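Undergrad: Pasting a structure here, questions to come.
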Amino acid sequence: MEFLDYLPQVFTWTNLSILVLGTVGGLILGATPGLSPTMAVALLIPFTFQMAPAPALILLGAVYTATVAGGAVSAILVSIPGAPANIATLLDGFPLAKQGRATEALHYCFISSFIGGIIGVFVLIFFTPVLADVALQFGPSELFWVAVLGVTVIGSLGTTSVLKGLFAGAFGLWISTVGYNPVVGEERFVFSEHLTGGINIIAALIGLFAIPQVLTMVEESSRPGSVEMFNMEQHKLLASFRANLARVKALVIGTISGVIVGIIPGAGGQIAGLIAYDQTKKFSRDKDTFGKGQPDGVITAESANNAMVGPSLVPLLTLSVPGSPTAAVLLGGLLINGLFPGPDLFTVHAETTWTFINSLLVAQVFMLVFGLTISRYSRFVTRIPNHVMAGAVTVLAVFGTYSVQNSMSDVFVMMTLGTGMYFAAKFGFSPAPVVLGIILGPIAETNFLEGKLIAESGDGLMPYFFTGTINVVLVAFCFLSIGYSIFSELRKVKKQREGAA
Amino acid sequence: MKRVTDVKMKKIWLTAIFGLVLPFTAAAEGYPDRPVLVTVAYSPGGATDFQARIVTMMAAQEPYLGQPLVIVNKPGAGGQVGWNWFAQRAKNDGYQLAAYNIPHFIAQSIVFKTKYNIDNLEPVANWGADPAVLIVNKDSQFNTAPELIDFAKKNPGKVTISGAGQFTGHHVAMLQLAKATGVTFKYIPTKGGVKALQRVLGGDVTAGFNNLSDSYRSRDKLKILAIADLERDKDFLPDVPTFKELGVEVDNSSVNFRGIMAPKGTPPEAIKTLSEKIPPMFQDKKVIKKMKAGGSPMRVMTRDEVMAMWKERQTYLTDLLKDLKKK
């Protein structure tokens with residue numbers, strides 16, 4: 001209970017005002033397409049040069065917490081995931097908004113983020129010593145299987161046909177190989193100079209989700225009579241709380257997935273949300289409602305990506321091995337303040353460290369309060385006419401893409417993928433499997449290549465990838481996941497045949 | 001508590017106001033009369049980016065440049081995207097600079113068809129030098145570098161060494177070690193130094209070459225066997241021998257030098273101003289304090305010194321990497 005001793009340190013005026021600033025700023029940054037949590041934290045580090053260590057870390061922690069949740073706002077309202085972590089939120093969040101339930105969806109998003117986030121930080125507080133070494137158990141072979149497990153859910157993601165999902169996923173895996181391979185050091189599929197840097201995940205994300213949406217808006221607004229304006233139901237906050245807490249299953253699956261993925265180094269929130277979404281869908285009685293506005297989808301995805309925040313700091317604070325890309329950037333923030341990860345952090349620098357961790361708890365509360373406040377005004381966004389919205393989203397998409405790495409090539413890639421996706425969507429393809437392919441491709445590939453190199457000078461390929469408890473468990477999960485998909489697909493086909501007969 | 005913050009706030013305001021006013025006063029004196037961009041070819045938050053932001057933080061103050069140096073990140077392909085862009089597209093008017101990493105960019109320009117090489121870039125000044133160190137896991141059977149080398153001699157192809165990617169300082173250090181001892185090691189390139197360190201901590205590889213600074217921070221979980229530099233590191237690791245002391249011919253060619261460069265054709269007056277004012281800026285007390293806090297070893301070098309170092313590396317690496325290609 002050491003953390004309680006340091007709790008009062010958070011409640012000084014300076015620290016509280018920094019928390020408010022960080023949370024509100026983080027929510028806005030997170031909602032801006034292209035500004036992922038990783039970017040936001042990286043850009044803020046120079047601003048902390050002039051600050052004392054504790055307030056500096058509080059600011060970074062608050063921004064990390066709030067940007068992860070803020071990314072859901074644009075995902076739900078305008079169908080652009082603020083960050084890769086919010087893809088799964090979008091799958092049901094945007095359909096909900098279309099049905100006029102945007103406020104409700106945002107309520108679920110912030111309430112679930114809060115619950116997941118608090119539990120995540122408690123895992124950090126109580127289980128750090130136990131879990132620290134778990135992170136190191138994940139070598140190349142284990143991470144390869146984690147990525148393969150992710151690939152097995154591709155087919156069932158946000159699409160009606162498994163085959164189309166697999167095609168889209170395979171396309172995503174393929175384009176993820178474009179560019180320079182860090183292990184072999186060779187360039188691949190670089191047809192044009194714009195592709196030397198590979199396909200940037202944020203650029204792809206914005207293009208695949210936002211551009212088809214823009215084109216559809218333009219298409220619809222030019223057809224008179226069919227102008228579809230969101231009807232906005234005002235939703236009572238209390239009702240949202242009650243409805244949210246009643247969906248225990250989605251919350252539990254989301255939080256557990258988030259915690260586990262957070263500890264695994266190098267996986268990150270994007271995978272947490274998607275794995276939680278897939279599991280919730282598999283355990284749900286009405287699978288068909290997913291992707292069409294099922295609140296469970298939003299709840300599980302958001303509880304997962306915020307539950308990831310706390311545990312992703314476990315390996316960081318103890319071993320200086322970051323559990324997520326954002327945690328990797330946060331490492332820079334720690335170092336610059338003279339806080340070297342390791343045992344010193346909890347002894348010599350205990351005060352700063354615990355103030356930082358406690359502030360993460362308080363940041364969750366602020367995030368909830370300000371998030372719910374923002375939700376009330378979401379109706380203004382949904383009342384914007386389609387043609388104005390299309391323009392605004394295009395500007396945001398171009399701006400957001402360019403700002404990721406100041407590269408015009410990324411904007412071309414974004415536009416090309418987006419236009420392609422618009423036509424592919426007409427044939428029933430959906431963007432989620434493509435993005436998942438782009439995320440998982442490099443994890444699977446680099447870890448396989450690294451593992452192969454290590455295995456060749458050791459016990460050989462097969463024993464390296466197929467022995468060890470974690471490997472065996474992960475392989476078993478992969479088979480279960482594939483088996484279940486085949487089983488449920490067969491059952492669906494059978495049902496349809498019976499229905500037809 | 002509150003009063004302290006007030007003073008601090010006042011300081012921040014003053015700096016901000018100075019930053020706004022100074023450009024107009026400095027403009028009369030000529031270059032630079034507006035902010036100067038510095039391209040960093042790695043992602044925000046990485047070691048190069050992080051150090052570049054610290055060493056340039058005093059630029060807007062007098063007697064330094066009187067104008068801020070603004071960091072712009074253009075990451076991708078191990079630095080190739082940013083450096084290609086810089087050599088090809090950056091304006092050579094003195095307002096576009098970039099951070100360099102040696103031996104990375106020279107090695108890449110030898111192995112790949114890059115748009116950059118030491119002939120179309122102009123060094124300005126060097127701020128840091130991070131030597132590679134040979135590390136093993138705390139639980140490893142090896143306690144010294146010779147033990148590891150002996151084992152590798154008896155078990156060819158069985159020793160894996162992790163490092164941060166292809167043609168980086170770590171890779172060069174491994175190649176030098178292999179050449180000097182006549183032993184073959186298996187190099188495991190990872191995406192970045194942190195990942196390479198993680199492979200050693202997790203016991204996935206036999207040993208690793210990693211940054212002195214990062215290894216030093218994780219020293220309670222590692223054994224640091226040797227340092228690939230000409231001298232021992234007196235500040236951080238006084239007890240770790242250099243390879244030369246151990247009788248292994250590995251010099252300082254793998255040391256990761258970081259500094260600032262300009263594109264070819266930048267006006268000589270601009271280069272003169274920069275190369276005079278930037279080294280003292282790197283040595284500002286505030287900069288040194290922040291770099292020390294972050295565990296980042298500094299080595300400030302002037303333009304002439306850097307030029308000589310670039311040329312020396314170019315000759316050496318061409319030879320070393322040619323050997324590699326023959327195999």
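Quick note on naming: the chains in the structure tokens go A, B, ... in the order shown, residues restart at 1 in each chain, and ligands are numbered from 1 in order of appearance.
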I'd like to know which residues of range 25-209 of chain B are strand (DSSP E) (by DSSP, run on the backbone); could you write them as a ChimeraX atom specification?

TA: /B:36-40,69-73,96-102,121-130,132-137,160-163,186-189,207-209

Undergrad: With a distance threshold of 7 Å and counting only C-alpha atoms, extract the residues of chain A near chain B and express them as a PyMOL selection string.

TA: chain A and resi 42+46+136-137+139+180+182-183+185+196-197+321+329+332+335-338+340+405-406+450+453-454+457-458

Undergrad: Nearest residue to Val63 in chain A out of A:Ala135, A:Ile374, A:Val435, A:Val41, using only C-alpha atoms?

TA: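 Of the candidates, the smallest distance to Val63 in chain A is held by A:Val41.
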
Undergrad: Select, from A:Lys98, A:His349, A:Lys494, A:Lys249, the residue with the minimum atom-to-atom distance to Lys292 in chain A, counting only C-alpha atoms.

TA: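 Closest to Lys292 in chain A of all the choices is A:Lys98.
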
Undergrad: Smallest atom-to-atom distance to Leu215 in chain A: which of A:Arg383, A:Lys426, A:Arg247, A:Lys282, using only C-alpha atoms?

TA: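 Counting only C-alpha atoms, the residue closest to Leu215 in chain A is A:Lys426.
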
Undergrad: May I have all residues of range 255-418 of chain A that DSSP, computed from the backbone, assigns to helix (DSSP H, G or I), given as a PyMOL selection string?

TA: chain A and resi 255-263+269-283+287-289+295-307+311-319+325-336+344-347+350-376+378-382+386-405+408-418

Undergrad: Write a file of the selected residues as a compact mmCIF listing (two decimals), in the first residue's frame, keeping C-alpha atoms.

TA:
# COMPACT_ATOMS: atom_id res chain seq x y z
CA THR A 255 -9.85 -5.37 -19.57
CA ILE A 256 -8.14 -8.76 -19.42
CA SER A 257 -7.06 -8.57 -23.06
CA GLY A 258 -5.74 -5.05 -22.49
CA VAL A 259 -3.72 -6.03 -19.43
CA ILE A 260 -2.15 -9.05 -21.12
CA VAL A 261 -1.30 -7.25 -24.35
CA GLY A 262 0.08 -4.31 -22.37
CA ILE A 263 2.68 -6.44 -20.64
CA GLY A 269 -3.09 -0.86 -27.90
CA GLN A 270 -4.08 -1.48 -31.50
CA ILE A 271 -3.84 -5.22 -30.98
CA ALA A 272 -5.45 -5.07 -27.52
CA GLY A 273 -8.65 -3.51 -28.90
CA LEU A 274 -8.92 -5.91 -31.82
CA ILE A 275 -8.26 -9.06 -29.80
CA ALA A 276 -10.81 -7.98 -27.19
CA TYR A 277 -13.34 -7.19 -29.91
CA ASP A 278 -12.89 -10.56 -31.55
CA GLN A 279 -13.16 -12.47 -28.27
CA THR A 280 -16.27 -10.56 -27.19
CA LYS A 281 -17.87 -11.28 -30.53
CA LYS A 282 -17.06 -14.99 -30.25
CA PHE A 283 -18.51 -15.19 -26.75
CA LYS A 287 -22.79 -12.22 -33.20
CA ASP A 288 -24.67 -10.82 -36.16
CA THR A 289 -25.27 -7.50 -34.44
CA PRO A 295 -22.56 -1.30 -27.72
CA ASP A 296 -20.53 -4.32 -26.53
CA GLY A 297 -18.09 -3.65 -29.36
CA VAL A 298 -17.36 -0.12 -28.17
CA ILE A 299 -17.20 -1.14 -24.51
CA THR A 300 -14.77 -3.99 -24.98
CA ALA A 301 -12.48 -2.12 -27.37
CA GLU A 302 -12.20 0.97 -25.19
CA SER A 303 -11.78 -0.90 -21.91
CA ALA A 304 -9.02 -2.91 -23.62
CA ASN A 305 -6.99 -0.03 -25.01
CA ASN A 306 -7.05 1.91 -21.77
CA ALA A 307 -6.39 -1.13 -19.61
CA PRO A 311 0.60 -2.64 -17.68
CA SER A 312 2.61 -1.27 -20.62
CA LEU A 313 4.63 0.62 -18.00
CA VAL A 314 5.44 -2.54 -16.00
CA PRO A 315 8.36 -3.72 -18.13
CA LEU A 316 9.31 -0.10 -18.79
CA LEU A 317 9.73 0.94 -15.16
CA THR A 318 11.50 -2.22 -14.07
CA LEU A 319 13.60 -3.29 -17.06
CA PRO A 325 5.28 2.15 -28.73
CA THR A 326 4.06 5.04 -26.57
CA ALA A 327 5.79 3.62 -23.51
CA ALA A 328 8.96 3.58 -25.61
CA VAL A 329 8.68 7.33 -26.10
CA LEU A 330 7.86 7.80 -22.43
CA LEU A 331 11.23 6.20 -21.67
CA GLY A 332 12.84 9.32 -23.13
CA GLY A 333 10.74 11.42 -20.77
CA LEU A 334 11.93 9.41 -17.79
CA LEU A 335 15.60 9.55 -18.77
CA ILE A 336 15.65 13.27 -19.34
CA ASP A 344 16.29 2.73 -8.03
CA LEU A 345 13.01 4.03 -9.31
CA PHE A 346 11.09 2.61 -6.37
CA THR A 347 13.71 3.37 -3.72
CA ALA A 350 10.17 6.60 -4.86
CA GLU A 351 8.46 9.94 -4.36
CA THR A 352 8.55 10.96 -8.02
CA THR A 353 7.72 7.48 -9.25
CA TRP A 354 4.73 6.97 -6.99
CA THR A 355 3.44 10.50 -7.62
CA PHE A 356 3.59 9.68 -11.32
CA ILE A 357 1.75 6.38 -10.92
CA ASN A 358 -0.85 7.90 -8.63
CA SER A 359 -1.39 10.73 -11.07
CA LEU A 360 -2.27 8.11 -13.68
CA LEU A 361 -5.12 7.06 -11.40
CA VAL A 362 -6.31 10.62 -10.97
CA ALA A 363 -5.91 11.24 -14.71
CA GLN A 364 -8.47 8.47 -15.33
CA VAL A 365 -11.01 10.39 -13.24
CA PHE A 366 -10.36 13.64 -15.11
CA MET A 367 -10.53 11.79 -18.40
CA LEU A 368 -13.96 10.45 -17.45
CA VAL A 369 -15.30 13.83 -16.35
CA PHE A 370 -14.03 15.81 -19.33
CA GLY A 371 -14.81 13.03 -21.77
CA LEU A 372 -18.42 12.89 -20.67
CA THR A 373 -18.62 16.69 -20.90
CA ILE A 374 -17.34 16.59 -24.47
CA SER A 375 -19.89 13.86 -25.28
CA ARG A 376 -22.70 16.31 -24.57
CA SER A 378 -21.08 15.77 -29.90
CA ARG A 379 -24.51 16.53 -31.38
CA PHE A 380 -23.05 19.64 -32.98
CA VAL A 381 -20.65 17.52 -34.98
CA THR A 382 -23.37 15.18 -36.17
CA ASN A 386 -22.69 16.08 -45.30
CA HIS A 387 -21.00 18.27 -47.90
CA VAL A 388 -19.40 20.49 -45.25
CA MET A 389 -18.38 17.42 -43.27
CA ALA A 390 -16.78 15.84 -46.34
CA GLY A 391 -14.61 18.92 -46.83
CA ALA A 392 -13.65 19.13 -43.18
CA VAL A 393 -12.75 15.44 -42.96
CA THR A 394 -10.61 15.67 -46.11
CA VAL A 395 -8.67 18.60 -44.67
CA LEU A 396 -8.18 16.74 -41.39
CA ALA A 397 -7.10 13.60 -43.23
CA VAL A 398 -4.47 15.38 -45.35
CA PHE A 399 -3.24 17.47 -42.46
CA GLY A 400 -3.09 14.54 -40.05
CA THR A 401 -1.27 12.31 -42.51
CA TYR A 402 1.31 14.91 -43.44
CA SER A 403 2.07 15.78 -39.83
CA VAL A 404 3.00 12.21 -38.86
CA GLN A 405 6.46 12.40 -40.41
CA MET A 408 4.05 14.28 -48.78
CA SER A 409 4.64 10.68 -49.85
CA ASP A 410 2.44 9.58 -46.96
CA VAL A 411 -0.35 11.81 -48.25
CA PHE A 412 -0.16 10.18 -51.69
CA VAL A 413 -0.20 6.72 -50.12
CA MET A 414 -3.18 7.74 -47.96
CA MET A 415 -5.15 9.06 -50.95
CA THR A 416 -4.34 6.05 -53.14
CA LEU A 417 -5.31 3.49 -50.50
CA GLY A 418 -8.44 5.47 -49.62

Undergrad: Using only C-alpha atoms, which residues sit within 12 Å of Asp119 in chain B once same-chain residues fewer than 4 positions away are excluded, as a ChimeraX atom specification?

TA: /B:87,106,109,115,123,261-265,307,310-311,314

Undergrad: Could you write out that same residue set with C-alpha atoms as a PDB file, in the first residue's frame?

TA:
ATOM      1  CA  ALA B  87      20.743  15.287 -49.765  1.00  0.00           C
ATOM      2  CA  ILE B 106      28.494   6.242 -44.375  1.00  0.00           C
ATOM      3  CA  SER B 109      26.035   4.968 -48.655  1.00  0.00           C
ATOM      4  CA  LYS B 115      21.388   9.699 -52.749  1.00  0.00           C
ATOM      5  CA  PRO B 123      29.715  18.617 -41.436  1.00  0.00           C
ATOM      6  CA  MET B 261      25.448  18.701 -40.995  1.00  0.00           C
ATOM      7  CA  ALA B 262      24.375  20.915 -43.898  1.00  0.00           C
ATOM      8  CA  PRO B 263      23.783  20.103 -47.575  1.00  0.00           C
ATOM      9  CA  LYS B 264      26.559  20.754 -50.106  1.00  0.00           C
ATOM     10  CA  GLY B 265      26.400  24.263 -51.524  1.00  0.00           C
ATOM     11  CA  MET B 307      35.647  16.311 -41.535  1.00  0.00           C
ATOM     12  CA  TRP B 310      34.258  11.291 -41.788  1.00  0.00           C
ATOM     13  CA  LYS B 311      37.075  10.721 -44.288  1.00  0.00           C
ATOM     14  CA  GLN B 314      34.806   6.270 -45.243  1.00  0.00           C
TER      15      GLN B 314
END

Undergrad: Applying 12 Å and only C-alpha atoms, which residues near Pro268 in chain B remain after dropping the ones on its own chain fewer than 2 positions away? List them as a list in words.

TA: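 Selected residues are Tyr31, Asn92, Asp93, Gly94, Glu122, Val124, Ala262, Pro263, Lys264, Gly265, Thr266, Ala270, Ile271, Lys272, Thr273, Leu274 and Ser275 of chain B.
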
Undergrad: Could you pull the residues within 9 Å of Arg188 in chain A, counting only C-alpha atoms, minus those fewer than 4 positions along the same chain, as a ChimeraX atom specification?

TA: /A:177-181,196,198

Undergrad: Write out, as a PDB file, in the first residue's frame, the residues just selected, with N, CA and C atoms.

TA:
ATOM      1  N   THR A 177       4.855  -5.293 -46.283  1.00  0.00           N
ATOM      2  CA  THR A 177       6.238  -5.671 -46.592  1.00  0.00           C
ATOM      3  C   THR A 177       6.929  -4.622 -47.464  1.00  0.00           C
ATOM      4  N   VAL A 178       6.157  -3.645 -47.954  1.00  0.00           N
ATOM      5  CA  VAL A 178       6.759  -2.604 -48.794  1.00  0.00           C
ATOM      6  C   VAL A 178       7.788  -1.822 -47.983  1.00  0.00           C
ATOM      7  N   GLY A 179       8.899  -1.524 -48.617  1.00  0.00           N
ATOM      8  CA  GLY A 179       9.915  -0.703 -47.957  1.00  0.00           C
ATOM      9  C   GLY A 179      11.119  -1.498 -47.521  1.00  0.00           C
ATOM     10  N   TYR A 180      11.766  -0.992 -46.493  1.00  0.00           N
ATOM     11  CA  TYR A 180      13.071  -1.495 -46.083  1.00  0.00           C
ATOM     12  C   TYR A 180      12.890  -2.484 -44.947  1.00  0.00           C
ATOM     13  N   ASN A 181      13.464  -3.663 -45.079  1.00  0.00           N
ATOM     14  CA  ASN A 181      13.331  -4.649 -44.014  1.00  0.00           C
ATOM     15  C   ASN A 181      14.463  -4.495 -43.007  1.00  0.00           C
ATOM     16  N   THR A 196       9.753   4.373 -50.420  1.00  0.00           N
ATOM     17  CA  THR A 196      10.996   3.967 -49.745  1.00  0.00           C
ATOM     18  C   THR A 196      10.797   3.762 -48.249  1.00  0.00           C
ATOM     19  N   GLY A 198       8.207   2.745 -46.780  1.00  0.00           N
ATOM     20  CA  GLY A 198       7.159   1.776 -46.479  1.00  0.00           C
ATOM     21  C   GLY A 198       5.812   2.464 -46.335  1.00  0.00           C
TER      22      GLY A 198
END

Undergrad: If you count only C-alpha atoms, which residues fall within 6 Å of range 209-213 of chain B, apart from same-chain ones fewer than 2 positions away, as a list in words?

TA: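 In the requested form, the answer reads Pro131, Ala132, Val133, Leu134, Gly163, His170, Ser215, Tyr216, Gly295 and Ser296 of chain B.
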
Undergrad: For Ala129 in chain B, list every protein, DNA or RNA residue within 9 Å, evaluated using only C-alpha atoms, and leave out those in the same chain fewer than 4 positions away; present the list as a list in words.

TA: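 The neighbour list is Val255, Asn256, Phe257, Arg258, Ser296, Pro297, Met298, Arg299 and Val300 of chain B.
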